[in-house]
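Next comes protein_34.csv, with CSV, C-alpha atoms.
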chain,number,residue,atom,x,y,z
A,1,MET,CA,14.0,-11.6,-17.8
A,2,SER,CA,10.7,-12.8,-16.4
A,3,ARG,CA,9.2,-10.9,-13.4
A,4,TRP,CA,7.2,-12.5,-10.7
A,5,ILE,CA,5.0,-9.4,-10.4
A,6,GLU,CA,4.1,-8.3,-13.9
A,7,PRO,CA,2.6,-4.8,-14.5
A,8,VAL,CA,-1.1,-5.1,-13.9
A,9,THR,CA,-4.2,-2.8,-13.5
A,10,LEU,CA,-6.6,-3.8,-10.8
A,11,GLU,CA,-10.1,-2.3,-10.8
A,12,GLY,CA,-13.2,-2.5,-8.7
A,13,GLU,CA,-16.3,-0.4,-8.1
A,14,HIS,CA,-14.6,2.3,-6.0
A,15,VAL,CA,-11.0,2.2,-6.9
A,16,LYS,CA,-8.6,1.5,-9.8
A,17,LEU,CA,-5.0,0.7,-9.3
A,18,VAL,CA,-2.8,1.5,-12.3
A,19,PRO,CA,1.0,1.1,-12.7
A,20,LEU,CA,2.7,4.3,-11.4
A,21,SER,CA,4.5,6.5,-13.9
A,22,LEU,CA,6.1,9.9,-14.0
A,23,GLU,CA,3.0,11.1,-15.8
A,24,HIS,CA,1.1,10.9,-12.5
A,25,GLU,CA,3.4,13.5,-10.8
A,26,PRO,CA,1.0,16.5,-10.9
A,27,ALA,CA,-2.0,14.5,-9.7
A,28,LEU,CA,-0.1,12.7,-7.0
A,29,SER,CA,1.3,16.0,-5.8
A,30,ALA,CA,-2.3,17.4,-5.6
A,31,ALA,CA,-3.4,14.3,-3.6
A,32,ALA,CA,-0.6,14.8,-1.0
A,33,ARG,CA,-1.7,18.4,-0.6
A,34,ASP,CA,-5.1,17.2,0.5
A,35,GLY,CA,-4.4,17.1,4.2
A,36,GLU,CA,-0.8,18.2,4.0
A,37,LEU,CA,0.2,14.5,4.5
A,38,TRP,CA,3.9,15.1,4.2
A,39,LYS,CA,3.7,16.8,7.7
A,40,LEU,CA,3.0,13.5,9.4
A,41,TRP,CA,6.3,12.8,11.2
A,42,TYR,CA,5.8,9.0,11.6
A,43,THR,CA,5.2,8.2,7.9
A,44,PHE,CA,6.6,9.2,4.5
A,45,VAL,CA,4.3,10.9,2.1
A,46,PRO,CA,6.1,13.2,-0.4
A,47,SER,CA,5.7,16.9,-0.3
A,48,PRO,CA,4.6,18.5,-3.6
A,49,GLU,CA,8.3,19.3,-4.3
A,50,GLU,CA,9.3,15.7,-3.5
A,51,THR,CA,6.7,13.9,-5.7
A,52,ARG,CA,8.9,13.4,-8.7
A,53,ALA,CA,11.8,11.9,-6.6
A,54,TYR,CA,9.2,9.7,-4.8
A,55,ILE,CA,8.0,8.3,-8.1
A,56,GLU,CA,11.5,7.9,-9.4
A,57,THR,CA,12.4,5.9,-6.3
A,58,ALA,CA,9.3,3.7,-6.7
A,59,LEU,CA,10.2,3.0,-10.3
A,60,ASP,CA,13.8,2.2,-9.3
A,61,MET,CA,12.4,-0.3,-6.8
A,62,ARG,CA,10.3,-1.8,-9.6
A,63,ASP,CA,13.3,-2.1,-12.0
A,64,ARG,CA,15.9,-3.3,-9.6
A,65,LEU,CA,13.9,-5.1,-6.9
A,66,GLY,CA,10.8,-6.4,-8.6
A,67,ALA,CA,8.4,-4.1,-6.8
A,68,HIS,CA,5.1,-2.9,-8.4
A,69,PRO,CA,4.0,0.6,-7.5
A,70,PHE,CA,0.5,1.8,-8.2
A,71,ALA,CA,-1.3,5.1,-8.6
A,72,VAL,CA,-4.7,4.9,-6.8
A,73,ILE,CA,-7.6,6.3,-8.7
A,74,ASP,CA,-11.1,7.1,-7.3
A,75,THR,CA,-13.4,5.6,-9.9
A,76,LYS,CA,-16.2,8.0,-9.0
A,77,THR,CA,-14.2,11.1,-9.8
A,78,GLY,CA,-11.3,9.8,-11.9
A,79,ASP,CA,-8.9,11.6,-9.6
A,80,ILE,CA,-5.6,10.1,-8.5
A,81,VAL,CA,-5.9,10.0,-4.7
A,82,GLY,CA,-2.8,8.2,-3.5
A,83,SER,CA,-0.3,5.5,-4.0
A,84,THR,CA,0.4,1.9,-2.9
A,85,ARG,CA,2.9,-0.8,-3.8
A,86,PHE,CA,3.8,-4.5,-3.9
A,87,PHE,CA,7.4,-4.7,-2.7
A,88,ALA,CA,9.9,-6.8,-0.7
A,89,ALA,CA,8.9,-9.6,-3.1
A,90,GLU,CA,10.4,-13.0,-2.4
A,91,PRO,CA,9.2,-15.3,-5.3
A,92,ALA,CA,11.1,-18.3,-4.0
A,93,HIS,CA,9.2,-18.0,-0.7
A,94,ARG,CA,6.0,-16.8,-2.3
A,95,ARG,CA,5.6,-13.8,-0.1
A,96,LEU,CA,5.5,-10.0,-0.5
A,97,GLU,CA,4.7,-6.9,1.3
A,98,ILE,CA,1.9,-4.3,0.6
A,99,GLY,CA,2.9,-0.9,1.7
A,100,HIS,CA,4.0,2.6,0.9
A,101,THR,CA,0.3,3.3,1.0
A,102,TRP,CA,-1.2,6.7,1.5
A,103,TYR,CA,-4.4,8.5,0.5
A,104,ALA,CA,-5.6,12.0,0.2
A,105,LYS,CA,-7.5,13.0,3.3
A,106,ARG,CA,-10.8,13.2,1.5
A,107,VAL,CA,-10.9,9.5,0.8
A,108,GLN,CA,-9.5,8.2,4.0
A,109,LYS,CA,-11.9,5.9,5.9
A,110,SER,CA,-13.9,5.4,2.7
A,111,PRO,CA,-14.6,2.1,0.9
A,112,LEU,CA,-11.7,2.9,-1.4
A,113,ASN,CA,-9.0,1.6,0.9
A,114,THR,CA,-11.0,-1.6,1.8
A,115,GLU,CA,-11.5,-2.3,-1.9
A,116,ALA,CA,-7.9,-1.5,-2.8
A,117,LYS,CA,-6.7,-4.0,-0.2
A,118,LEU,CA,-9.2,-6.6,-1.5
A,119,LEU,CA,-7.9,-6.2,-5.0
A,120,LEU,CA,-4.2,-6.3,-4.0
A,121,LEU,CA,-4.7,-9.3,-1.7
A,122,THR,CA,-6.8,-11.2,-4.3
A,123,HIS,CA,-4.0,-10.7,-6.9
A,124,ALA,CA,-1.3,-11.7,-4.3
A,125,PHE,CA,-3.0,-14.9,-3.1
A,126,ASP,CA,-5.1,-16.0,-6.2
A,127,LYS,CA,-2.8,-14.9,-9.1
A,128,LEU,CA,0.7,-14.9,-7.6
A,129,GLY,CA,0.1,-17.8,-5.2
A,130,CYS,CA,1.5,-16.1,-2.2
A,131,ILE,CA,1.6,-18.0,1.1
A,132,ALA,CA,2.0,-14.8,3.1
A,133,VAL,CA,1.4,-11.1,2.7
A,134,GLU,CA,3.0,-8.6,5.1
A,135,PHE,CA,2.1,-5.1,6.2
A,136,ARG,CA,4.4,-2.9,8.2
A,137,THR,CA,3.8,0.5,9.9
A,138,HIS,CA,5.3,2.8,12.4
A,139,PHE,CA,4.5,2.0,16.0
A,140,MET,CA,3.1,5.6,16.5
A,141,ASN,CA,0.9,5.4,13.4
A,142,HIS,CA,-2.2,4.2,15.3
A,143,ALA,CA,-4.6,4.9,12.5
A,144,SER,CA,-2.6,2.6,10.2
A,145,ARG,CA,-2.3,-0.1,12.8
A,146,THR,CA,-6.0,0.0,13.3
A,147,ALA,CA,-6.7,-0.1,9.6
A,148,ILE,CA,-4.4,-3.1,9.0
A,149,ALA,CA,-5.9,-5.0,11.9
A,150,ARG,CA,-9.4,-4.3,10.5
A,151,LEU,CA,-8.4,-6.0,7.3
A,152,GLY,CA,-8.0,-9.2,9.2
A,153,ALA,CA,-4.2,-9.1,9.4
A,154,LYS,CA,-2.6,-10.4,12.6
A,155,GLN,CA,0.2,-8.7,14.4
A,156,ASP,CA,3.4,-10.7,14.2
A,157,GLY,CA,5.5,-8.5,16.4
A,158,ILE,CA,7.4,-5.2,16.8
A,159,LEU,CA,10.8,-4.6,15.4
A,160,ARG,CA,12.5,-2.2,17.8
A,161,ASN,CA,14.8,0.5,16.4
A,162,ASN,CA,14.1,-0.9,13.0
A,163,GLY,CA,14.9,2.3,11.1
A,164,ILE,CA,15.6,6.0,11.3
A,165,GLY,CA,13.0,8.4,10.1
A,166,ARG,CA,13.8,11.4,8.0
A,167,ASN,CA,13.6,13.6,11.1
A,168,GLY,CA,16.3,11.4,12.8
A,169,VAL,CA,13.8,9.7,15.2
A,170,TYR,CA,14.2,6.0,15.6
A,171,ARG,CA,11.4,3.9,14.2
A,172,ASP,CA,9.8,0.9,15.9
A,173,THR,CA,8.0,-1.1,13.1
A,174,VAL,CA,4.9,-3.1,13.8
A,175,VAL,CA,4.7,-6.2,11.5
A,176,PHE,CA,1.4,-7.7,10.5
A,177,SER,CA,0.6,-10.5,8.1
A,178,ILE,CA,-2.1,-12.5,6.4
A,179,ILE,CA,-1.2,-16.1,5.6
A,180,GLU,CA,-2.7,-18.3,2.9
A,181,SER,CA,-5.0,-20.3,5.2
A,182,GLU,CA,-6.5,-17.1,6.6
A,183,TRP,CA,-7.2,-15.6,3.1
A,184,PRO,CA,-10.7,-17.1,2.6
A,185,ALA,CA,-11.9,-15.5,5.9
A,186,VAL,CA,-10.2,-12.2,5.2
A,187,ARG,CA,-11.7,-12.1,1.7
A,188,ALA,CA,-15.2,-12.8,3.1
A,189,ASN,CA,-14.7,-10.1,5.7
A,190,LEU,CA,-13.6,-7.5,3.2
A,191,ASN,CA,-16.5,-8.3,0.8
A,192,PHE,CA,-18.9,-8.1,3.8
A,193,ARG,CA,-17.6,-4.7,4.7
A,194,LEU,CA,-17.9,-3.5,1.1
A,195,ASP,CA,-21.5,-4.8,0.8
A,196,ARG,CA,-22.4,-2.8,3.9
Let me see the structure of the file written as structure tokens.
Amino acid sequence: MSRWIEPVTLEGEHVKLVPLSLEHEPALSAAARDGELWKLWYTFVPSPEETRAYIETALDMRDRLGAHPFAVIDTKTGDIVGSTRFFAAEPAHRRLEIGHTWYAKRVQKSPLNTEAKLLLLTHAFDKLGCIAVEFRTHFMNHASRTAIARLGAKQDGILRNNGIGRNGVYRDTVVFSIIESEWPAVRANLNFRLDR
């Protein structure tokens, strides 16, 4: 069976995205410890004890739903510093979502995320022929909302009571997207930010 999103490694100067596997469990667990990210109530980052189940779920999404999870590697150190994913893929409509993204505290607000998004978006628009790429985040995750907007994504709307968090609190989801006609300007902006 042919897959729309085939396994791929994406590499730039600051970051390398490799297909996620169970072999990444110890390093991914260590990345989550940097900042105790699992304690953030408005997002889901696995605790060290949940890392294997997190990877297994990501691999199940890959096998059943055509997702493509990545381990994020800092090219300067060779360390795995987080995870991201293509998912909610709709090949017939040439659209997908980038999400399930988190990084160790030490690399947050570094060029690493900007370049990772540039690599992912380049693959989505230039290789897969996407007409739209979506990003979603919790309404209360202000840092994520700011980071997504800084990419050049536009806010499409807010889905009220769109889910229930693991703490039982209802989630309002903010939806952003970049459409095909916006991609050249978004790419120029991301390259400009990286050059600075």
For range 171-179 of chain A: contacts at 9 Å, all atoms listed in the file, fewer than 3 positions along chain excluded, given as number ranges by chain: A: 42, 97, 125, 130-140, 145, 148-149, 152-165, 182-183, 186
For Pro69 in chain A, the nearest of the candidates A:Asp126, A:Glu6, A:Glu13, A:Glu49, counting all atoms listed in the file: A:Glu6
12 Å contact set for Pro26 in chain A, all atoms listed in the file, chain neighbours under 4 positions out, as a list of chain:residue names: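 Contacts, in chain order: A:Ser21, A:Leu22, A:Ala30, A:Ala31, A:Ala32, A:Arg33, A:Ser47, A:Pro48, A:Glu49, A:Glu50, A:Thr51, A:Arg52, A:Ile55, A:Ala71, A:Asp79, A:Ile80, A:Val81, A:Gly82.
The residue that comes closest to Ser29 in chain A, out of A:Phe70, A:Tyr170, A:Phe87, A:Tyr103 and on the basis of only C-alpha atoms, is A:Tyr103.
Of the residues under consideration (A:Leu10, A:Leu28, A:Ile5, A:Leu37), A:Ile5 shows the shortest atom-to-atom contact distance to Arg62 in chain A when counting all atoms listed in the file.
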Nearest residue to Arg64 in chain A from the set A:Leu119, A:Ala89, A:Ala188, A:Ala124 (distances using all atoms listed in the file): A:Ala89
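Counting only C-alpha atoms and comparing A:Pro19, A:Pro111, A:Gly66, A:Pro46, the residue that lies closest to Leu194 in chain A is A:Pro111.
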From A:Ala185, A:Leu112, A:Leu65, A:Ala104, residue lying nearest Ala88 in chain A [only C-alpha atoms]: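 That would be A:Leu65, the residue with the smallest distance to Ala88 in chain A.
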Atomic separation - CA of Val45 in chain A relative to CA of His14 in chain A, Å: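 A separation of 22.3 Å between them.
Between CA of Leu151 in chain A and CA of Thr114 in chain A the interatomic distance comes to 7.5 Å.
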Separation of CA of Leu120 in chain A from CA of Ile98 in chain A, in Å and rounded to one decimal: 7.9 Å
Block slice range 28-135 of chain A, C-alpha atoms, emitted as a PDB file, in the first residue's frame:
ATOM      1  CA  LEU A  28      13.206  11.470  24.465  1.00  0.00           C
ATOM      2  CA  SER A  29      12.568  10.824  28.141  1.00  0.00           C
ATOM      3  CA  ALA A  30      15.670  12.861  29.027  1.00  0.00           C
ATOM      4  CA  ALA A  31      14.479  15.704  26.769  1.00  0.00           C
ATOM      5  CA  ALA A  32      11.119  15.847  28.573  1.00  0.00           C
ATOM      6  CA  ARG A  33      12.939  16.012  31.932  1.00  0.00           C
ATOM      7  CA  ASP A  34      14.615  19.241  30.811  1.00  0.00           C
ATOM      8  CA  GLY A  35      12.024  21.670  32.158  1.00  0.00           C
ATOM      9  CA  GLU A  36       9.688  18.976  33.534  1.00  0.00           C
ATOM     10  CA  LEU A  37       7.487  19.618  30.521  1.00  0.00           C
ATOM     11  CA  TRP A  38       4.883  17.001  31.459  1.00  0.00           C
ATOM     12  CA  LYS A  39       3.750  19.330  34.282  1.00  0.00           C
ATOM     13  CA  LEU A  40       2.301  21.852  31.810  1.00  0.00           C
ATOM     14  CA  TRP A  41      -1.449  21.336  32.243  1.00  0.00           C
ATOM     15  CA  TYR A  42      -2.490  22.758  28.848  1.00  0.00           C
ATOM     16  CA  THR A  43      -0.384  20.490  26.635  1.00  0.00           C
ATOM     17  CA  PHE A  44       0.690  16.869  26.532  1.00  0.00           C
ATOM     18  CA  VAL A  45       4.346  16.017  26.888  1.00  0.00           C
ATOM     19  CA  PRO A  46       5.071  12.539  28.238  1.00  0.00           C
ATOM     20  CA  SER A  47       6.540  12.096  31.675  1.00  0.00           C
ATOM     21  CA  PRO A  48       9.645   9.870  31.745  1.00  0.00           C
ATOM     22  CA  GLU A  49       7.400   6.939  32.703  1.00  0.00           C
ATOM     23  CA  GLU A  50       4.994   7.646  29.805  1.00  0.00           C
ATOM     24  CA  THR A  51       7.577   8.023  27.039  1.00  0.00           C
ATOM     25  CA  ARG A  52       7.323   4.463  25.685  1.00  0.00           C
ATOM     26  CA  ALA A  53       3.500   4.658  25.513  1.00  0.00           C
ATOM     27  CA  TYR A  54       3.797   8.090  23.839  1.00  0.00           C
ATOM     28  CA  ILE A  55       6.074   6.646  21.133  1.00  0.00           C
ATOM     29  CA  GLU A  56       3.847   3.574  20.692  1.00  0.00           C
ATOM     30  CA  THR A  57       0.819   5.845  20.189  1.00  0.00           C
ATOM     31  CA  ALA A  58       2.733   7.926  17.629  1.00  0.00           C
ATOM     32  CA  LEU A  59       3.771   4.768  15.756  1.00  0.00           C
ATOM     33  CA  ASP A  60       0.184   3.503  15.834  1.00  0.00           C
ATOM     34  CA  MET A  61      -0.950   6.832  14.296  1.00  0.00           C
ATOM     35  CA  ARG A  62       1.709   6.292  11.631  1.00  0.00           C
ATOM     36  CA  ASP A  63       0.604   2.748  10.825  1.00  0.00           C
ATOM     37  CA  ARG A  64      -3.167   3.242  10.965  1.00  0.00           C
ATOM     38  CA  LEU A  65      -3.667   6.895  10.037  1.00  0.00           C
ATOM     39  CA  GLY A  66      -0.730   7.829   7.796  1.00  0.00           C
ATOM     40  CA  ALA A  67       0.969  10.141  10.296  1.00  0.00           C
ATOM     41  CA  HIS A  68       4.745  10.647  10.336  1.00  0.00           C
ATOM     42  CA  PRO A  69       6.279  11.242  13.797  1.00  0.00           C
ATOM     43  CA  PHE A  70       9.805  12.588  14.109  1.00  0.00           C
ATOM     44  CA  ALA A  71      12.467  12.711  16.787  1.00  0.00           C
ATOM     45  CA  VAL A  72      14.067  16.172  16.789  1.00  0.00           C
ATOM     46  CA  ILE A  73      17.872  16.201  16.990  1.00  0.00           C
ATOM     47  CA  ASP A  74      20.013  19.245  17.809  1.00  0.00           C
ATOM     48  CA  THR A  75      22.751  19.000  15.159  1.00  0.00           C
ATOM     49  CA  LYS A  76      25.228  20.928  17.333  1.00  0.00           C
ATOM     50  CA  THR A  77      25.137  18.347  20.145  1.00  0.00           C
ATOM     51  CA  GLY A  78      23.613  15.270  18.512  1.00  0.00           C
ATOM     52  CA  ASP A  79      21.041  15.163  21.337  1.00  0.00           C
ATOM     53  CA  ILE A  80      17.392  14.306  20.818  1.00  0.00           C
ATOM     54  CA  VAL A  81      15.620  17.404  22.148  1.00  0.00           C
ATOM     55  CA  GLY A  82      11.962  16.763  21.354  1.00  0.00           C
ATOM     56  CA  SER A  83       9.390  15.448  18.949  1.00  0.00           C
ATOM     57  CA  THR A  84       7.059  16.681  16.198  1.00  0.00           C
ATOM     58  CA  ARG A  85       4.706  15.087  13.730  1.00  0.00           C
ATOM     59  CA  PHE A  86       2.840  15.281  10.442  1.00  0.00           C
ATOM     60  CA  PHE A  87      -0.682  13.963  11.096  1.00  0.00           C
ATOM     61  CA  ALA A  88      -4.389  14.421  10.286  1.00  0.00           C
ATOM     62  CA  ALA A  89      -3.258  13.863   6.698  1.00  0.00           C
ATOM     63  CA  GLU A  90      -5.921  14.185   4.010  1.00  0.00           C
ATOM     64  CA  PRO A  91      -4.229  13.250   0.722  1.00  0.00           C
ATOM     65  CA  ALA A  92      -7.412  13.738  -1.333  1.00  0.00           C
ATOM     66  CA  HIS A  93      -7.566  17.336  -0.101  1.00  0.00           C
ATOM     67  CA  ARG A  94      -3.762  17.818  -0.014  1.00  0.00           C
ATOM     68  CA  ARG A  95      -3.718  19.072   3.555  1.00  0.00           C
ATOM     69  CA  LEU A  96      -2.193  17.966   6.838  1.00  0.00           C
ATOM     70  CA  GLU A  97      -1.437  19.189  10.323  1.00  0.00           C
ATOM     71  CA  ILE A  98       1.921  19.758  12.000  1.00  0.00           C
ATOM     72  CA  GLY A  99       1.748  19.238  15.728  1.00  0.00           C
ATOM     73  CA  HIS A 100       2.462  17.120  18.781  1.00  0.00           C
ATOM     74  CA  THR A 101       5.521  19.377  18.911  1.00  0.00           C
ATOM     75  CA  TRP A 102       7.541  19.883  22.051  1.00  0.00           C
ATOM     76  CA  TYR A 103      11.165  20.693  22.849  1.00  0.00           C
ATOM     77  CA  ALA A 104      13.468  20.440  25.838  1.00  0.00           C
ATOM     78  CA  LYS A 105      13.557  23.740  27.689  1.00  0.00           C
ATOM     79  CA  ARG A 106      17.193  24.407  26.741  1.00  0.00           C
ATOM     80  CA  VAL A 107      16.372  24.680  23.015  1.00  0.00           C
ATOM     81  CA  GLN A 108      13.102  26.570  23.243  1.00  0.00           C
ATOM     82  CA  LYS A 109      13.241  30.007  21.572  1.00  0.00           C
ATOM     83  CA  SER A 110      16.347  28.942  19.636  1.00  0.00           C
ATOM     84  CA  PRO A 111      16.778  28.740  15.833  1.00  0.00           C
ATOM     85  CA  LEU A 112      16.022  25.028  16.122  1.00  0.00           C
ATOM     86  CA  ASN A 113      12.204  25.400  16.068  1.00  0.00           C
ATOM     87  CA  THR A 114      12.265  27.953  13.249  1.00  0.00           C
ATOM     88  CA  GLU A 115      14.386  25.655  11.099  1.00  0.00           C
ATOM     89  CA  ALA A 116      12.343  22.564  12.018  1.00  0.00           C
ATOM     90  CA  LYS A 117       9.172  24.322  10.859  1.00  0.00           C
ATOM     91  CA  LEU A 118      10.919  25.484   7.678  1.00  0.00           C
ATOM     92  CA  LEU A 119      11.956  21.898   6.912  1.00  0.00           C
ATOM     93  CA  LEU A 120       8.479  20.516   7.653  1.00  0.00           C
ATOM     94  CA  LEU A 121       6.669  23.199   5.674  1.00  0.00           C
ATOM     95  CA  THR A 122       9.063  22.859   2.723  1.00  0.00           C
ATOM     96  CA  HIS A 123       8.390  19.129   2.621  1.00  0.00           C
ATOM     97  CA  ALA A 124       4.625  19.644   2.961  1.00  0.00           C
ATOM     98  CA  PHE A 125       4.274  22.312   0.276  1.00  0.00           C
ATOM     99  CA  ASP A 126       7.118  21.506  -2.132  1.00  0.00           C
ATOM    100  CA  LYS A 127       7.273  17.701  -1.962  1.00  0.00           C
ATOM    101  CA  LEU A 128       3.745  16.642  -0.942  1.00  0.00           C
ATOM    102  CA  GLY A 129       1.977  19.428  -2.825  1.00  0.00           C
ATOM    103  CA  CYS A 130      -0.126  20.569   0.125  1.00  0.00           C
ATOM    104  CA  ILE A 131      -2.615  23.369  -0.404  1.00  0.00           C
ATOM    105  CA  ALA A 132      -2.932  23.984   3.355  1.00  0.00           C
ATOM    106  CA  VAL A 133      -1.020  23.112   6.527  1.00  0.00           C
ATOM    107  CA  GLU A 134      -2.739  23.463   9.897  1.00  0.00           C
ATOM    108  CA  PHE A 135      -1.449  24.040  13.416  1.00  0.00           C
TER     109      PHE A 135
END
